[in-house]
file target-v1.txt (compact mmCIF, C-alpha atoms)
# COMPACT_ATOMS: atom_id res chain seq x y z
CA MET A 21 95.43 28.89 99.68
CA GLY A 22 95.07 30.25 103.21
CA ILE A 23 95.76 33.80 104.15
CA GLU A 24 99.04 32.87 105.87
CA GLN A 25 100.27 31.21 102.70
CA ALA A 26 99.10 34.15 100.63
CA GLY A 27 101.03 36.50 102.90
CA VAL A 28 104.17 34.37 102.71
CA GLN A 29 103.85 34.08 98.95
CA LEU A 30 103.69 37.85 98.57
CA ARG A 31 106.47 38.43 101.11
CA ASN A 32 104.43 41.19 102.68
CA ARG A 33 104.72 43.34 99.58
CA TYR A 34 101.63 45.38 100.14
CA VAL A 35 100.20 47.67 97.50
CA ILE A 36 97.77 50.57 97.37
CA PHE A 37 94.64 49.87 95.38
CA GLY A 38 93.06 52.65 93.34
CA ASP A 39 90.08 52.95 91.04
CA SER A 40 90.31 52.88 87.27
CA ALA A 41 91.51 56.51 87.17
CA TYR A 42 94.92 55.24 88.24
CA LYS A 43 97.44 53.28 86.23
CA HIS A 44 99.37 50.20 87.24
CA GLN A 45 102.59 51.21 88.96
CA ASP A 46 104.98 49.41 91.26
CA HIS A 47 103.06 50.08 94.44
CA ILE A 48 99.73 51.25 93.10
CA ARG A 49 97.42 48.77 91.45
CA THR A 50 94.01 49.04 89.89
CA TYR A 51 91.51 46.74 88.25
CA LYS A 52 92.92 44.28 85.76
CA LYS A 53 91.84 45.36 82.31
CA GLN A 54 90.68 43.13 79.51
CA VAL A 55 93.23 43.20 76.70
CA ALA A 56 91.67 43.34 73.24
CA GLY A 57 91.91 40.03 71.42
CA GLU A 58 92.67 37.96 74.49
CA PRO A 59 90.14 35.43 75.78
CA ARG A 60 88.07 36.37 78.79
CA ASP A 61 89.77 35.34 82.01
CA PRO A 62 87.23 34.29 84.69
CA LEU A 63 89.86 34.69 87.43
CA ARG A 64 90.42 38.32 86.44
CA SER A 65 86.69 39.00 86.43
CA ALA A 66 86.31 37.41 89.87
CA TRP A 67 89.23 39.48 91.20
CA ASN A 68 87.84 42.72 89.80
CA HIS A 69 84.37 41.97 91.12
CA ALA A 70 85.66 41.15 94.59
CA MET A 71 87.93 44.22 94.69
CA LYS A 72 85.08 46.51 93.69
CA SER A 73 83.11 45.50 96.76
CA THR A 74 86.08 46.26 99.04
CA ARG A 75 87.30 49.47 97.41
CA ILE A 76 83.94 51.12 97.96
CA SER A 77 84.85 51.42 101.64
CA ILE A 78 87.01 54.50 100.94
CA GLU A 79 83.89 56.30 99.71
CA TRP A 80 82.17 55.48 103.02
CA ASN A 81 85.03 57.22 104.79
CA TYR A 82 84.45 60.37 102.74
CA GLY A 83 80.75 60.19 103.57
CA ASN A 84 81.60 59.69 107.22
CA THR A 85 83.75 62.82 107.24
CA ALA A 86 81.06 64.87 105.52
CA SER A 87 78.34 63.68 107.88
CA HIS A 88 80.38 64.41 111.00
CA PHE A 89 81.68 67.79 109.89
CA LYS A 90 78.86 69.70 108.27
CA TYR A 91 80.99 72.80 107.84
CA MET A 92 82.36 71.40 104.60
CA ALA A 93 78.91 70.80 103.17
CA ASN A 94 78.21 74.49 103.53
CA GLN A 95 79.64 75.66 100.24
CA ALA A 96 79.17 79.33 101.09
CA LYS A 97 81.71 79.00 103.92
CA MET A 98 84.40 77.59 101.66
CA LYS A 99 85.69 80.77 100.07
CA LEU A 100 88.81 80.37 97.97
CA LEU A 101 91.12 83.41 98.04
CA GLU A 102 89.03 84.84 100.87
CA SER A 103 89.36 82.48 103.79
CA SER A 104 92.78 81.41 105.04
CA THR A 105 91.47 78.19 106.55
CA VAL A 106 89.71 76.77 103.53
CA THR A 107 92.69 74.66 102.49
CA GLU A 108 93.20 73.29 106.00
CA ILE A 109 89.62 72.45 106.94
CA TYR A 110 89.47 69.08 105.20
CA VAL A 111 92.77 67.92 106.70
CA VAL A 112 91.64 68.90 110.19
CA ALA A 113 88.26 67.22 109.69
CA THR A 114 89.93 64.03 108.46
CA LEU A 115 92.24 64.04 111.45
CA PHE A 116 89.29 64.35 113.81
CA ARG A 117 87.52 61.56 111.96
CA ASN A 118 90.56 59.36 112.57
CA PHE A 119 90.27 60.15 116.28
CA HIS A 120 86.56 59.36 116.18
CA VAL A 121 87.14 56.03 114.42
CA GLY A 122 89.80 55.20 116.99
CA CYS A 123 87.22 55.66 119.75
CA TYR A 124 84.00 54.38 118.23
CA ASP A 125 84.78 52.25 115.13
CA CYS A 126 83.12 53.04 111.83
CA GLN A 127 81.24 51.41 108.98
CA THR A 128 84.45 50.34 107.25
CA SER A 129 85.99 48.57 110.24
CA ASN A 130 82.67 46.82 110.90
CA TYR A 131 82.45 45.74 107.27
CA PHE A 132 85.93 44.22 107.33
CA ASN A 133 85.31 42.87 110.82
CA LEU A 134 88.44 44.53 112.21
CA GLU A 135 88.84 45.59 115.79
CA ILE A 136 90.59 48.85 116.64
CA PRO A 137 93.56 48.11 118.94
CA ASN A 138 93.39 49.20 122.56
CA PHE A 139 95.03 52.52 123.42
CA PHE A 140 94.99 53.48 119.76
CA LEU A 141 94.43 57.17 120.39
CA GLU A 142 97.27 57.52 122.92
CA ASN A 143 99.74 55.80 120.63
CA TYR A 144 98.54 57.59 117.51
CA ILE A 145 98.77 61.08 118.96
CA ASN A 146 102.13 60.42 120.63
CA LYS A 147 103.39 58.46 117.59
CA THR A 148 104.52 55.67 119.88
CA ASN A 149 104.42 51.99 119.00
CA PHE A 150 102.01 49.43 120.44
CA ASN A 151 103.65 46.99 122.80
CA MET B 17 84.85 72.65 116.99
CA TYR B 18 81.16 73.42 117.33
CA GLU B 19 81.24 75.38 114.09
CA LEU B 20 83.13 72.62 112.28
CA VAL B 21 80.63 69.98 113.35
CA SER B 22 77.39 71.94 113.07
CA GLY B 23 78.15 74.01 109.98
CA GLU B 24 75.95 76.79 111.32
CA SER B 25 76.64 80.39 110.46
CA LYS B 26 79.05 82.36 112.63
CA TYR B 27 76.36 84.92 113.41
CA LYS B 28 74.03 82.27 114.83
CA ILE B 29 76.78 80.57 116.82
CA ALA B 30 78.12 83.85 118.17
CA THR B 31 74.68 85.06 119.18
CA ASN B 32 72.83 81.93 120.28
CA VAL B 33 75.52 79.56 121.51
CA PHE B 34 78.54 81.38 122.90
CA GLY B 35 77.10 84.87 123.36
CA ARG B 36 80.07 86.58 121.72
CA CYS B 37 80.37 88.86 118.74
CA TYR B 38 80.93 87.69 115.19
CA SER B 39 84.56 88.71 114.90
CA GLU B 40 85.53 86.87 118.08
CA GLN B 41 83.85 83.70 116.84
CA SER B 42 85.61 84.08 113.51
CA ARG B 43 89.02 84.56 115.13
CA ALA B 44 88.50 81.66 117.52
CA PHE B 45 87.56 79.32 114.68
CA THR B 46 90.53 80.35 112.54
CA TRP B 47 92.91 79.98 115.50
CA PHE B 48 91.51 76.52 116.33
CA VAL B 49 91.83 75.21 112.78
CA LYS B 50 95.33 76.59 112.34
CA HIS B 51 96.45 75.28 115.72
CA ILE B 52 95.28 71.73 114.96
CA PHE B 53 96.71 71.87 111.44
CA ARG B 54 100.13 73.11 112.51
CA ASN B 55 100.59 70.86 115.51
CA PHE B 56 98.93 67.63 114.39
CA LYS B 57 99.28 67.48 110.62
CA CYS B 58 102.34 65.27 111.14
CA LEU B 59 99.89 62.50 112.09
CA ILE B 60 98.36 62.48 108.65
CA TYR B 61 101.08 63.81 106.33
CA ARG B 62 103.99 61.43 105.56
CA ASN B 63 103.17 59.16 108.48
CA LEU B 64 102.77 55.84 106.65
CA GLY B 65 105.73 54.35 108.49
CA TRP B 66 103.92 54.43 111.84
CA TRP B 67 100.99 52.48 110.43
CA LYS B 68 103.20 49.84 108.92
CA GLN B 69 105.36 49.46 112.01
CA ASN B 70 102.28 48.85 114.10
CA ASP B 71 100.96 46.11 111.83
CA PHE B 72 97.96 48.01 110.51
CA TRP B 73 98.84 47.08 106.93
CA ARG B 74 98.96 43.37 107.65
CA LEU B 75 95.67 43.43 109.55
CA SER B 76 94.12 45.60 106.86
CA TYR B 77 95.22 43.18 104.15
CA GLU B 78 93.86 40.23 106.10
CA GLY B 79 90.50 41.97 106.46
CA ILE B 80 90.42 42.75 102.74
CA TYR B 81 91.45 39.21 101.82
CA ARG B 82 88.64 37.73 103.93
CA LYS B 83 86.17 39.97 102.12
CA LEU B 84 87.64 39.03 98.75
CA VAL B 85 87.00 35.37 99.51
CA LEU B 86 83.49 36.14 100.72
CA GLY B 87 82.98 38.25 97.61
CA GLY B 88 83.49 35.25 95.36
CA TYR B 89 87.25 35.08 94.81
CA SER B 90 88.40 31.51 95.16
CA PRO B 91 90.61 30.92 98.23
CA ASP B 92 92.57 28.39 96.15
CA ALA B 93 93.41 30.93 93.46
CA ALA B 94 96.66 32.85 93.46
CA VAL B 95 96.60 36.41 94.80
CA PRO B 96 98.25 38.70 92.22
CA TYR B 97 99.20 41.31 94.84
CA ALA B 98 98.32 42.20 98.42
CA PRO B 99 96.03 45.23 98.57
CA ALA B 100 96.36 46.74 102.03
CA LEU B 101 95.35 50.33 101.36
CA PHE B 102 92.99 52.21 99.09
CA ILE B 103 93.74 55.45 97.28
CA ASP B 104 91.23 57.92 95.95
CA CYS B 105 90.57 61.62 95.63
CA LYS B 106 87.94 63.60 97.49
CA CYS B 107 86.45 66.64 95.81
CA SER B 108 85.38 69.47 98.08
CA ALA B 109 83.07 72.03 96.54
CA THR B 110 83.84 75.65 97.32
CA GLU B 111 82.27 79.01 96.66
CA VAL B 112 83.01 80.68 93.34
CA VAL B 113 86.59 81.90 93.53
CA GLY B 114 86.92 85.39 94.97
CA GLY B 115 83.27 85.43 95.99
CA GLY B 116 81.98 86.92 99.19
CA PRO B 117 81.73 90.41 100.52
CA ALA B 118 85.46 91.21 100.41
CA GLU B 119 85.47 92.14 96.78
CA GLU B 120 82.53 93.69 95.00
CA GLY B 121 82.15 95.52 91.74
CA ALA B 122 83.32 95.16 88.18
CA ASN B 123 87.00 94.94 89.07
CA SER B 124 86.56 92.09 91.50
CA ARG B 125 88.95 89.18 91.02
CA ARG B 126 86.03 86.84 90.47
CA TRP B 127 85.45 88.21 86.98
CA ASP B 128 88.85 87.09 85.71
CA PRO B 129 88.01 83.95 83.70
CA ASP B 130 91.46 82.43 84.20
CA ILE B 131 91.06 82.49 87.96
CA GLN B 132 87.64 80.90 87.68
CA ARG B 133 88.89 78.24 85.29
CA SER B 134 91.82 77.34 87.48
CA PHE B 135 89.50 75.93 90.15
CA TYR B 136 86.59 74.77 87.99
CA ASN B 137 85.86 71.18 87.11
CA GLY B 138 83.64 70.78 84.07
CA TRP B 139 82.89 67.13 84.82
CA LYS B 140 81.35 67.95 88.19
CA SER B 141 80.37 71.52 87.26
CA ILE B 142 81.70 72.95 90.51
CA HIS B 143 84.61 75.03 91.77
CA GLY B 144 86.64 73.35 94.41
CA LEU B 145 89.65 71.64 95.86
CA LYS B 146 90.86 68.09 95.69
CA HIS B 147 92.57 65.96 98.33
CA GLN B 148 94.16 62.61 97.71
CA THR B 149 93.80 60.18 100.59
CA VAL B 150 95.15 56.74 101.37
CA ASP B 151 92.79 54.76 103.62
CA ASP B 152 93.00 51.33 105.20
CA ALA B 153 90.41 48.69 106.02
CA PHE B 154 90.01 50.02 109.56
CA GLY B 155 88.57 53.23 108.12
CA PHE B 156 91.59 55.33 109.08
CA THR B 157 92.98 57.86 106.65
CA GLU B 158 96.67 57.05 106.81
CA ASP B 159 97.94 59.65 104.40
CA ILE B 160 96.58 62.75 102.75
CA GLU B 161 97.92 64.97 100.02
CA GLY B 162 96.72 68.32 98.91
CA PRO B 163 94.75 70.31 98.46
CA CYS B 164 95.18 71.09 94.83
CA SER B 165 92.79 72.53 92.29
CA LEU B 166 89.73 70.48 91.41
CA ARG B 167 90.67 71.11 87.81
CA ARG B 168 93.28 68.34 88.06
CA ASN B 169 92.27 64.72 87.65
CA ASP B 170 93.19 61.94 90.07
CA LEU B 171 96.23 60.84 88.12
CA ALA B 172 97.58 64.38 87.88
CA VAL B 173 97.35 64.74 91.66
CA LEU B 174 99.28 61.51 91.98
CA ARG B 175 101.94 62.75 89.54
CA ILE B 176 102.33 65.95 91.51
CA ARG B 177 103.38 63.92 94.51
CA LEU B 178 104.96 61.05 92.61
CA SER B 179 108.37 61.79 94.00
CA THR B 180 106.92 61.45 97.50
CA ILE B 181 105.18 58.20 96.60
CA ILE B 182 108.41 56.74 95.24
CA TYR B 183 110.21 57.82 98.41
CA ILE B 184 107.54 56.25 100.61
CA ALA B 185 107.46 53.11 98.51
CA ALA B 186 111.21 52.70 98.73
CA LEU B 187 111.06 53.12 102.48
CA TYR B 188 108.10 51.06 103.48
CA PHE B 189 106.62 48.89 100.78
CA ASN B 190 109.45 46.44 100.17

call {"tool": "encode", "arguments": {"input": "target-v1.txt", "output": "structure tokens"}}
result
Amino acid sequence: MGIEQAGVQLRNRYVIFGDSAYKHQDHIRTYKKQVAGEPRDPLRSAWNHAMKSTRISIEWNYGNTASHFKYMANQAKMKLLESSTVTEIYVVATLFRNFHVGCYDCQTSNYFNLEIPNFFLENYINKTNFN
Amino acid sequence: MYELVSGESKYKIATNVFGRCYSEQSRAFTWFVKHIFRNFKCLIYRNLGWWKQNDFWRLSYEGIYRKLVLGGYSPDAAVPYAPALFIDCKCSATEVVGGGPAEEGANSRRWDPDIQRSFYNGWKSIHGLKHQTVDDAFGFTEDIEGPCSLRRNDLAVLRIRLSTIIYIAALYFN
């Protein structure tokens, strides 16, 4: 089955994939679990194995944020109930990482062999659509 | 920005880099963070619609599917669902709650065990905050939620914003 067929089959019903901490819900899926007493399904194992190697990319993004913005690694600067910015720092850092990825790619986009569209940053900041 | 990237102490930055006093550096940093947060958080909070409209989800799914096939999943096999985004929680370690020079002595807030417990995670043995992010295969963080206490687990964070998720799902996922 080609990717076009797979897309048509699913009618573009995309889902969010989470690790095993999450439960199956309508739009959030996780690894398929082995049900006790049922025979081992090789297709399920192959799916889980393949998904594990793709899901790890979200952890790279966290690492990317931490390596670019060393402020957050400095635990002494993150003072709860003392600093008014401590709850906003991570959001701001993530936003800047998005800008950085838009300009220079990142490990995740290289891994999935995806090219960032031209004029990404202009459209993203202005919230305008690509032509 | 320099402080955010370098992580150096305000004293060093104020003295060696910008030649200003500590309090000015502190105020400038706080103003900068708050300015960016207030004016640009709309790009990262509740902005999933923009990503879908501009085809990022389809491209992200195609990238993931190609990797699934390379990772050993048969291209002839049925795809149970189309994963386009990934969700996970990021734990950010913080100082012990109420720590720092602002409050010293026996009556300091830090000695209240309930306050300490409310931000402490026994699994990781740290105090901190937790953010839930939704990322795509491009490496962009499309949506973020939080922060909330590190005491909560991933599923609890999801439940906290479940009403939002259902709203987003109804709008964009079908």

call {"tool": "atom_distance", "arguments": {"input": "target-v1.txt", "atom1": "CA of Leu166 (chain B)", "atom2": "CA of Ser141 (chain B)"}}
result
10.3 Å

call {"tool": "closest_residue", "arguments": {"input": "target-v1.txt", "among": "B:Gly65, B:Gly138, B:Gly23, B:Gly121", "to": "chain A", "atoms": "only C-alpha atoms"}}
result
B:Gly23

call {"tool": "closest_residue", "arguments": {"input": "target-v1.txt", "among": "B:Tyr89, B:Asp159, B:Lys106, B:Lys146", "to": "Arg64 (chain A)", "atoms": "only C-alpha atoms"}}
result
B:Tyr89

call {"tool": "closest_atom_pairs", "arguments": {"input": "target-v1.txt", "of": "region 89-141 of chain A", "to": "region 72-84 of chain B", "cutoff": "9 Å", "atoms": "all atoms listed in the file", "output": "tab-separated table"}}
result
residue	atom	partner	partner_atom	distance
A:Ser129	CA	B:Gly79	CA	8.8
A:Tyr131	CA	B:Lys83	CA	8.6
A:Phe132	CA	B:Gly79	CA	5.2
A:Asn133	CA	B:Gly79	CA	6.8
A:Leu134	CA	B:Gly79	CA	6.6

call {"tool": "write_last_selection", "arguments": {"input": "target-v1.txt", "atoms": "C-alpha atoms", "output": "short mmCIF file (atom, residue, chain, number, x, y, z; two decimals), in the frame of the given file"}}
result
data_model
loop_
_atom_site.label_atom_id
_atom_site.label_comp_id
_atom_site.auth_asym_id
_atom_site.auth_seq_id
_atom_site.Cartn_x
_atom_site.Cartn_y
_atom_site.Cartn_z
CA SER A 129 85.99 48.57 110.24
CA TYR A 131 82.45 45.74 107.27
CA PHE A 132 85.93 44.22 107.33
CA ASN A 133 85.31 42.87 110.82
CA LEU A 134 88.44 44.53 112.21
#

call {"tool": "residues_around", "arguments": {"input": "target-v1.txt", "residues": "Val85 (chain B)", "least_positions_apart": "4", "cutoff": "12 Å", "atoms": "only C-alpha atoms", "output": "number ranges by chain"}}
result
A: 21-23, 66-67, 69-71, 73-74, 132; B: 78-81, 89-95

call {"tool": "residues_around", "arguments": {"input": "target-v1.txt", "residues": "Val112 (chain B)", "least_positions_apart": "4", "cutoff": "8 Å", "atoms": "all atoms listed in the file", "output": "MDAnalysis selection string"}}
result
(chainID A and resid 99:100) or (chainID B and resid 126 132 143)

call {"tool": "atom_distance", "arguments": {"input": "target-v1.txt", "atom1": "CA of Cys37 (chain B)", "atom2": "CA of Phe116 (chain A)"}}
result
26.5 Å

call {"tool": "closest_residue", "arguments": {"input": "target-v1.txt", "among": "A:Glu142, A:Ala86, A:Met98, A:Thr148", "to": "chain B", "atoms": "only C-alpha atoms"}}
result
A:Met98

call {"tool": "closest_residue", "arguments": {"input": "target-v1.txt", "among": "B:Val33, B:Ile103, B:Leu20, B:Leu171", "to": "Arg117 (chain A)", "atoms": "all atoms listed in the file"}}
result
B:Leu20

call {"tool": "atom_distance", "arguments": {"input": "target-v1.txt", "atom1": "CA of Ala44 (chain B)", "atom2": "CA of Ser25 (chain B)"}}
result
13.9 Å

call {"tool": "closest_residue", "arguments": {"input": "target-v1.txt", "among": "B:Tyr18, B:Trp139, B:Tyr38, B:Tyr97", "to": "Tyr51 (chain A)", "atoms": "only C-alpha atoms"}}
result
B:Tyr97

call {"tool": "closest_residue", "arguments": {"input": "target-v1.txt", "among": "B:Ile29, B:Met17, B:Ala153, B:Cys105", "to": "chain A", "atoms": "all atoms listed in the file"}}
result
B:Ala153

call {"tool": "residues_near_point", "arguments": {"input": "target-v1.txt", "point": "(96.6, 75.4, 110.2)", "cutoff": "9 Å", "atoms": "only C-alpha atoms", "output": "list in words"}}
result
Ser104, Thr105, Thr107, Glu108, Ile109 and Val112 of chain A; Thr46, Trp47, Phe48, Val49, Lys50, His51, Ile52, Phe53, Arg54, Asn55 and Lys57 of chain B

call {"tool": "residues_around", "arguments": {"input": "target-v1.txt", "residues": "Ser87 (chain A)", "least_positions_apart": "4", "cutoff": "12 Å", "atoms": "all atoms listed in the file", "output": "MDAnalysis selection string"}}
result
(chainID A and resid 80:83 91:94 113:114 117) or (chainID B and resid 20:23)

call {"tool": "axis_aligned_box", "arguments": {"input": "target-v1.txt", "around": "region 68-85 of chain A", "padding_each_side": "4 Å", "output": "AutoDock Vina command-line options"}}
result
--center_x 84.3 --center_y 52.0 --center_z 98.5 --size_x 15.2 --size_y 29.7 --size_z 25.4

call {"tool": "residues_around", "arguments": {"input": "target-v1.txt", "residues": "Arg133 (chain B)", "least_positions_apart": "4", "cutoff": "9 Å", "atoms": "only C-alpha atoms", "output": "ChimeraX atom specification"}}
result
/B:128-129,137,143,167

call {"tool": "residues_around", "arguments": {"input": "target-v1.txt", "residues": "Tyr144 (chain A)", "least_positions_apart": "3", "cutoff": "9 Å", "atoms": "only C-alpha atoms", "output": "MDAnalysis selection string"}}
result
(chainID A and resid 119 139:141 147:149) or (chainID B and resid 59 66)

call {"tool": "write_last_selection", "arguments": {"input": "target-v1.txt", "atoms": "C-alpha atoms", "output": "PDB file, in the coordinates of the input"}}
result
ATOM      1  CA  PHE A 119      90.270  60.150 116.280  1.00  0.00           C
ATOM      2  CA  PHE A 139      95.030  52.520 123.420  1.00  0.00           C
ATOM      3  CA  PHE A 140      94.990  53.480 119.760  1.00  0.00           C
ATOM      4  CA  LEU A 141      94.430  57.170 120.390  1.00  0.00           C
ATOM      5  CA  LYS A 147     103.390  58.460 117.590  1.00  0.00           C
ATOM      6  CA  THR A 148     104.520  55.670 119.880  1.00  0.00           C
ATOM      7  CA  ASN A 149     104.420  51.990 119.000  1.00  0.00           C
TER       8      ASN A 149
ATOM      9  CA  LEU B  59      99.890  62.500 112.090  1.00  0.00           C
ATOM     10  CA  TRP B  66     103.920  54.430 111.840  1.00  0.00           C
TER      11      TRP B  66
END

call {"tool": "build_atoms", "arguments": {"input": "target-v1.txt", "residues": "region 23-47 of chain B", "atoms": "N, CA and C atoms", "output": "PDB file, keeping the file's coordinate frame"}}
result
ATOM      1  N   GLY B  23      78.258  73.323 111.266  1.00  0.00           N
ATOM      2  CA  GLY B  23      78.150  74.010 109.980  1.00  0.00           C
ATOM      3  C   GLY B  23      77.248  75.215 110.016  1.00  0.00           C
ATOM      4  N   GLU B  24      76.842  75.624 111.216  1.00  0.00           N
ATOM      5  CA  GLU B  24      75.950  76.790 111.320  1.00  0.00           C
ATOM      6  C   GLU B  24      76.728  78.076 111.017  1.00  0.00           C
ATOM      7  N   SER B  25      75.980  79.119 110.776  1.00  0.00           N
ATOM      8  CA  SER B  25      76.640  80.390 110.460  1.00  0.00           C
ATOM      9  C   SER B  25      77.281  80.974 111.717  1.00  0.00           C
ATOM     10  N   LYS B  26      78.330  81.757 111.494  1.00  0.00           N
ATOM     11  CA  LYS B  26      79.050  82.360 112.630  1.00  0.00           C
ATOM     12  C   LYS B  26      78.144  83.292 113.420  1.00  0.00           C
ATOM     13  N   TYR B  27      77.267  83.990 112.732  1.00  0.00           N
ATOM     14  CA  TYR B  27      76.360  84.920 113.410  1.00  0.00           C
ATOM     15  C   TYR B  27      75.498  84.169 114.414  1.00  0.00           C
ATOM     16  N   LYS B  28      74.923  83.042 113.960  1.00  0.00           N
ATOM     17  CA  LYS B  28      74.030  82.270 114.830  1.00  0.00           C
ATOM     18  C   LYS B  28      74.790  81.708 116.018  1.00  0.00           C
ATOM     19  N   ILE B  29      75.986  81.177 115.731  1.00  0.00           N
ATOM     20  CA  ILE B  29      76.780  80.570 116.820  1.00  0.00           C
ATOM     21  C   ILE B  29      77.181  81.644 117.825  1.00  0.00           C
ATOM     22  N   ALA B  30      77.659  82.777 117.286  1.00  0.00           N
ATOM     23  CA  ALA B  30      78.120  83.850 118.170  1.00  0.00           C
ATOM     24  C   ALA B  30      76.986  84.370 119.036  1.00  0.00           C
ATOM     25  N   THR B  31      75.807  84.479 118.444  1.00  0.00           N
ATOM     26  CA  THR B  31      74.680  85.060 119.180  1.00  0.00           C
ATOM     27  C   THR B  31      74.016  84.040 120.092  1.00  0.00           C
ATOM     28  N   ASN B  32      73.683  82.875 119.536  1.00  0.00           N
ATOM     29  CA  ASN B  32      72.830  81.930 120.280  1.00  0.00           C
ATOM     30  C   ASN B  32      73.605  80.961 121.161  1.00  0.00           C
ATOM     31  N   VAL B  33      74.824  80.615 120.784  1.00  0.00           N
ATOM     32  CA  VAL B  33      75.520  79.560 121.510  1.00  0.00           C
ATOM     33  C   VAL B  33      76.527  80.129 122.511  1.00  0.00           C
ATOM     34  N   PHE B  34      77.458  80.932 122.017  1.00  0.00           N
ATOM     35  CA  PHE B  34      78.540  81.380 122.900  1.00  0.00           C
ATOM     36  C   PHE B  34      78.332  82.803 123.418  1.00  0.00           C
ATOM     37  N   GLY B  35      77.385  83.523 122.865  1.00  0.00           N
ATOM     38  CA  GLY B  35      77.100  84.870 123.360  1.00  0.00           C
ATOM     39  C   GLY B  35      78.242  85.852 123.130  1.00  0.00           C
ATOM     40  N   ARG B  36      78.970  85.663 122.044  1.00  0.00           N
ATOM     41  CA  ARG B  36      80.070  86.580 121.720  1.00  0.00           C
ATOM     42  C   ARG B  36      79.740  87.298 120.425  1.00  0.00           C
ATOM     43  N   CYS B  37      80.641  88.169 120.009  1.00  0.00           N
ATOM     44  CA  CYS B  37      80.370  88.860 118.740  1.00  0.00           C
ATOM     45  C   CYS B  37      80.952  88.048 117.584  1.00  0.00           C
ATOM     46  N   TYR B  38      80.555  88.438 116.394  1.00  0.00           N
ATOM     47  CA  TYR B  38      80.930  87.690 115.190  1.00  0.00           C
ATOM     48  C   TYR B  38      82.431  87.585 115.015  1.00  0.00           C
ATOM     49  N   SER B  39      83.126  88.711 115.183  1.00  0.00           N
ATOM     50  CA  SER B  39      84.560  88.710 114.900  1.00  0.00           C
ATOM     51  C   SER B  39      85.331  87.810 115.862  1.00  0.00           C
ATOM     52  N   GLU B  40      84.867  87.745 117.105  1.00  0.00           N
ATOM     53  CA  GLU B  40      85.530  86.870 118.080  1.00  0.00           C
ATOM     54  C   GLU B  40      85.344  85.402 117.695  1.00  0.00           C
ATOM     55  N   GLN B  41      84.124  85.079 117.291  1.00  0.00           N
ATOM     56  CA  GLN B  41      83.850  83.700 116.840  1.00  0.00           C
ATOM     57  C   GLN B  41      84.723  83.370 115.638  1.00  0.00           C
ATOM     58  N   SER B  42      84.813  84.294 114.721  1.00  0.00           N
ATOM     59  CA  SER B  42      85.610  84.080 113.510  1.00  0.00           C
ATOM     60  C   SER B  42      87.079  83.863 113.856  1.00  0.00           C
ATOM     61  N   ARG B  43      87.600  84.689 114.747  1.00  0.00           N
ATOM     62  CA  ARG B  43      89.020  84.560 115.130  1.00  0.00           C
ATOM     63  C   ARG B  43      89.270  83.255 115.871  1.00  0.00           C
ATOM     64  N   ALA B  44      88.325  82.892 116.754  1.00  0.00           N
ATOM     65  CA  ALA B  44      88.500  81.660 117.520  1.00  0.00           C
ATOM     66  C   ALA B  44      88.513  80.439 116.597  1.00  0.00           C
ATOM     67  N   PHE B  45      87.626  80.451 115.618  1.00  0.00           N
ATOM     68  CA  PHE B  45      87.560  79.320 114.680  1.00  0.00           C
ATOM     69  C   PHE B  45      88.847  79.228 113.864  1.00  0.00           C
ATOM     70  N   THR B  46      89.295  80.346 113.342  1.00  0.00           N
ATOM     71  CA  THR B  46      90.530  80.350 112.540  1.00  0.00           C
ATOM     72  C   THR B  46      91.717  79.878 113.379  1.00  0.00           C
ATOM     73  N   TRP B  47      91.801  80.365 114.624  1.00  0.00           N
ATOM     74  CA  TRP B  47      92.910  79.980 115.500  1.00  0.00           C
ATOM     75  C   TRP B  47      92.866  78.471 115.751  1.00  0.00           C
TER      76      TRP B  47
END
